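A.B. asks: Below is one structure. I have some questions about it.
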Amino acid sequence: MSGEGSGLHRVVVGERHTLDDYAAIAHLGAEVAELRAEAAAALPRLAGRTVWMVNSTAQGGGVAEMLPAVVGLLGDLGVRCEWVVIGTDEPAFFALTKRLHNLIHGVDGPAPDAAERALYERVNRENARQLAALMAPGDVLIVHDPQPLPLAAALRERLPLTAIWRCHIGLDQDTPATRAAWAFLAPYLDAYDHAVFSAPEYIPVQLAGRATVIPPGIDPLAPKNRELSLHATVGIMCNGGLVACPGPTVRGPFTALAQRLQPDGRFVPAGVSESIGLLTRPIVTQISRWDRLKGFLPLLRAFVTLKAALGDGDGAGAGGRDAVVRRRLDLVRLVLAGPEPGTVGDDPEALAVLEELRAAYLALDAAVQDEIAILSLPMVSVEENALLVNALQRASTLVVQNSLREGFGLTIAEAMWKRVPVLSSARACGPRQQVRDGLDGRLVADPEDVEELRRVMAEMLADGDRRRQWGQSAQRRVHERFLVFTQLRDWGRLLGRVPLRSP
Ligand code: UDP
């Protein structure tokens, strides 16, 4: 756990893959060679300096997902790189930063007041004090997202540094909420030499002219994304509690088991209750943090409508291919999964969002409840959690990311890499960057339009040929643009040209 602890702490990236491991894989060798060549030209100027990555949680969410590979591989490229997480005992800090996160995404809410600004600065000053003791003059500071944004100004009072702000969130619209957020954050931006965003649309006017776009990328060898054999997939599902074991497995049960919401409102180990059907049924899955902007609720409603339409006789009585389609729609189940609430330190709204979903589920008829699995995935072991996500994505006929807003949406790239067709929303900028509608998957225009969502979901389930084409094209697209190598190459180019301060 992190993010809510009393102070700053260092994250040690555990066992990981080296560049040589990636280079040894046939379809990744060329990317690694290209990355090494660029880095050899750009990065020697960092000799003797350390690059410090700072964010607000070591687990849960997209940033914590990407940092281990980025930190580790920068090390392989000869850059000394450290990762630290800010912390505080004051829960109001993360309530404030979550509100800032929502404002940046255009969700209306009260603008932070003077007392909140004081809290924001106090927590960051305390973390800056601790970080200053670790850093050396001339080092490079890369701050991720708004939570630790004031660090650069506070640190620069103490030592000469190059400072870059990497903002992973944003909205492609200017609204009263986004204006309030940027007005609040503006005073802290001046201390940065440069900023990095995931899309050009996200760059606020205050940073125009000193911002670069670097799309996020996934690590193809991480537990979340690596190939899984049939046995490994089934074994993970058995040992993680997602299915009842059909036979003995070599490895024992996971540290903690996945829990499924029951009609009586309790969460119990998922494989113990009525089987979800992961090994045989068509499965539609969304895996995200429990965040309102992820659009779980409209997705649940669309799925319920899809099932209700079948009961009304939609498609019944057809023969041949239509009979298979009908059977697929009859059998399909919805899986909504997210991290055990309370385990993602900088996300205090998770419990409330899961509670809303729970209430919606409990209000459904028993027959429909059977068709929907709301899963809480334990986070005790980040690796086991990742393996569960990997296995669930691979067991899916479709992966949905029905986000109302989405800075990028790593879950989309993760599914695309696995050739699982993705249904996401064109309203959010992140999905649009990844999925070209009709080519790499499908995008609905409005993630809150339950009828549109139902229709597109049904169309996708009905068309196996197109699902295969979308999956193939999606994997190619991730290979070309959204793997960790492209991201590192872009970081290498930026670190090769930012002004460095004399120690
Ligand atoms: N994730 C996870 N376990 C969960 C739910 C989500 O590991 O129970 C991961 C998910 O696979 C993805 C990341 O959390 O890698 C979420 O990143 P994304 O960019 O989709 O959204 P964010 O959380 O940053 O808004």
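Every chain in the structure tokens takes a letter, A first, then B, and so on in the order presented; its residues are numbered from 1, and the ligands are numbered from 1 following the presented order.
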What residues in range 213-426 of chain A get the DSSP label helix (DSSP H, G or I)? Please answer as a PyMOL selection string.
C.D. replies: chain A and resi 230-239+292-294+296-311+320-331+350-362+366-370+382-394+410-417
A.B. asks: Range 115-163 of chain A: which residues are strand (DSSP E) by DSSP, as a list in words?
C.D. replies: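 Strand (DSSP E) assignments inside range 115-163 of chain A correspond to Val140, Leu141, Ile142, Val143, His144, Thr162 and Ala163 of chain A.
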A.B. asks: Applying 10 Å and only C-alpha atoms, which residues near Glu116 in chain A remain after dropping the ones on its own chain fewer than 3 positions away? List them as a ChimeraX atom specification.
C.D. replies: /A:92-93,96-97,111-113,119-122
A.B. asks: For those residues, write N, CA and C atoms to a file as a short mmCIF file (atom, residue, chain, number, x, y, z; two decimals), in the first residue's frame.
C.D. replies:
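Once everything was written out, this is out.cif:
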```
data_model
loop_
_atom_site.label_atom_id
_atom_site.label_comp_id
_atom_site.auth_asym_id
_atom_site.auth_seq_id
_atom_site.Cartn_x
_atom_site.Cartn_y
_atom_site.Cartn_z
N ALA A 92 -7.60 14.13 3.73
CA ALA A 92 -8.21 15.24 2.99
C ALA A 92 -7.36 15.62 1.78
N PHE A 93 -6.07 15.29 1.82
CA PHE A 93 -5.20 15.61 0.68
C PHE A 93 -5.65 14.83 -0.55
N LEU A 96 -8.91 15.97 -1.92
CA LEU A 96 -8.72 17.18 -2.73
C LEU A 96 -8.14 16.83 -4.11
N THR A 97 -7.11 15.98 -4.14
CA THR A 97 -6.48 15.71 -5.44
C THR A 97 -7.42 14.90 -6.33
N ALA A 111 -14.62 24.55 -6.61
CA ALA A 111 -13.20 24.84 -6.81
C ALA A 111 -12.53 24.80 -5.44
N PRO A 112 -11.28 24.32 -5.36
CA PRO A 112 -10.61 24.25 -4.07
C PRO A 112 -10.47 25.65 -3.46
N ASP A 113 -10.59 25.71 -2.13
CA ASP A 113 -10.51 27.01 -1.47
C ASP A 113 -9.11 27.23 -0.89
N LEU A 119 -3.35 23.07 2.39
CA LEU A 119 -3.13 21.64 2.62
C LEU A 119 -2.28 21.04 1.50
N TYR A 120 -2.64 21.39 0.27
CA TYR A 120 -1.94 20.88 -0.92
C TYR A 120 -0.45 21.26 -0.85
N GLU A 121 -0.21 22.50 -0.48
CA GLU A 121 1.19 22.96 -0.43
C GLU A 121 1.92 22.36 0.77
N ARG A 122 1.21 22.25 1.92
CA ARG A 122 1.86 21.73 3.12
C ARG A 122 2.33 20.30 2.90
#
```
A.B. asks: Excluding Val70 in chain A and any residue of its chain fewer than 2 positions from it, enumerate the residues within 10 Å of it, using only C-alpha atoms, and give them as a PyMOL selection string.
C.D. replies: chain A and resi 53+65-68+72-76+81+217-219+484-485+487-488+491
A.B. asks: Give me the chain A side of the contact with ligand 1, cut-off 6 Å, one line per residue showing its nearest atom pair and distance in Å at one decimal, counting only C-alpha atoms and all ligand atoms, sorted by chain and residue number, as JSON lines.
C.D. replies:
```
{"residue": "A:Gly60", "atom": "CA", "partner": "ligand 1", "partner_atom_place_in_ligand_line": "14 (O)", "distance": 5.4}
{"residue": "A:Gly61", "atom": "CA", "partner": "ligand 1", "partner_atom_place_in_ligand_line": "23 (O)", "distance": 3.3}
{"residue": "A:Gly62", "atom": "CA", "partner": "ligand 1", "partner_atom_place_in_ligand_line": "24 (O)", "distance": 3.3}
{"residue": "A:Glu65", "atom": "CA", "partner": "ligand 1", "partner_atom_place_in_ligand_line": "15 (O)", "distance": 5.5}
{"residue": "A:Ile287", "atom": "CA", "partner": "ligand 1", "partner_atom_place_in_ligand_line": "5 (C)", "distance": 5.2}
{"residue": "A:Ser288", "atom": "CA", "partner": "ligand 1", "partner_atom_place_in_ligand_line": "6 (C)", "distance": 4.2}
{"residue": "A:Arg289", "atom": "CA", "partner": "ligand 1", "partner_atom_place_in_ligand_line": "5 (C)", "distance": 5.0}
{"residue": "A:Gly338", "atom": "CA", "partner": "ligand 1", "partner_atom_place_in_ligand_line": "8 (O)", "distance": 3.6}
{"residue": "A:Pro339", "atom": "CA", "partner": "ligand 1", "partner_atom_place_in_ligand_line": "8 (O)", "distance": 3.4}
{"residue": "A:Leu377", "atom": "CA", "partner": "ligand 1", "partner_atom_place_in_ligand_line": "8 (O)", "distance": 5.1}
{"residue": "A:Asn385", "atom": "CA", "partner": "ligand 1", "partner_atom_place_in_ligand_line": "3 (N)", "distance": 5.9}
{"residue": "A:Ala386", "atom": "CA", "partner": "ligand 1", "partner_atom_place_in_ligand_line": "7 (O)", "distance": 5.1}
{"residue": "A:Phe408", "atom": "CA", "partner": "ligand 1", "partner_atom_place_in_ligand_line": "19 (O)", "distance": 5.5}
{"residue": "A:Gly409", "atom": "CA", "partner": "ligand 1", "partner_atom_place_in_ligand_line": "19 (O)", "distance": 3.6}
{"residue": "A:Leu410", "atom": "CA", "partner": "ligand 1", "partner_atom_place_in_ligand_line": "19 (O)", "distance": 3.7}
{"residue": "A:Thr411", "atom": "CA", "partner": "ligand 1", "partner_atom_place_in_ligand_line": "20 (O)", "distance": 4.2}
```
A.B. asks: May I ask which of the residues A:Ala26, A:Met460, A:Val85, A:Ala232 is the closest one to Asn390 in chain A, counting only C-alpha atoms?
C.D. replies: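 Nearest candidate to Asn390 in chain A out of A:Ala26, A:Met460, A:Val85, A:Ala232: A:Ala232.
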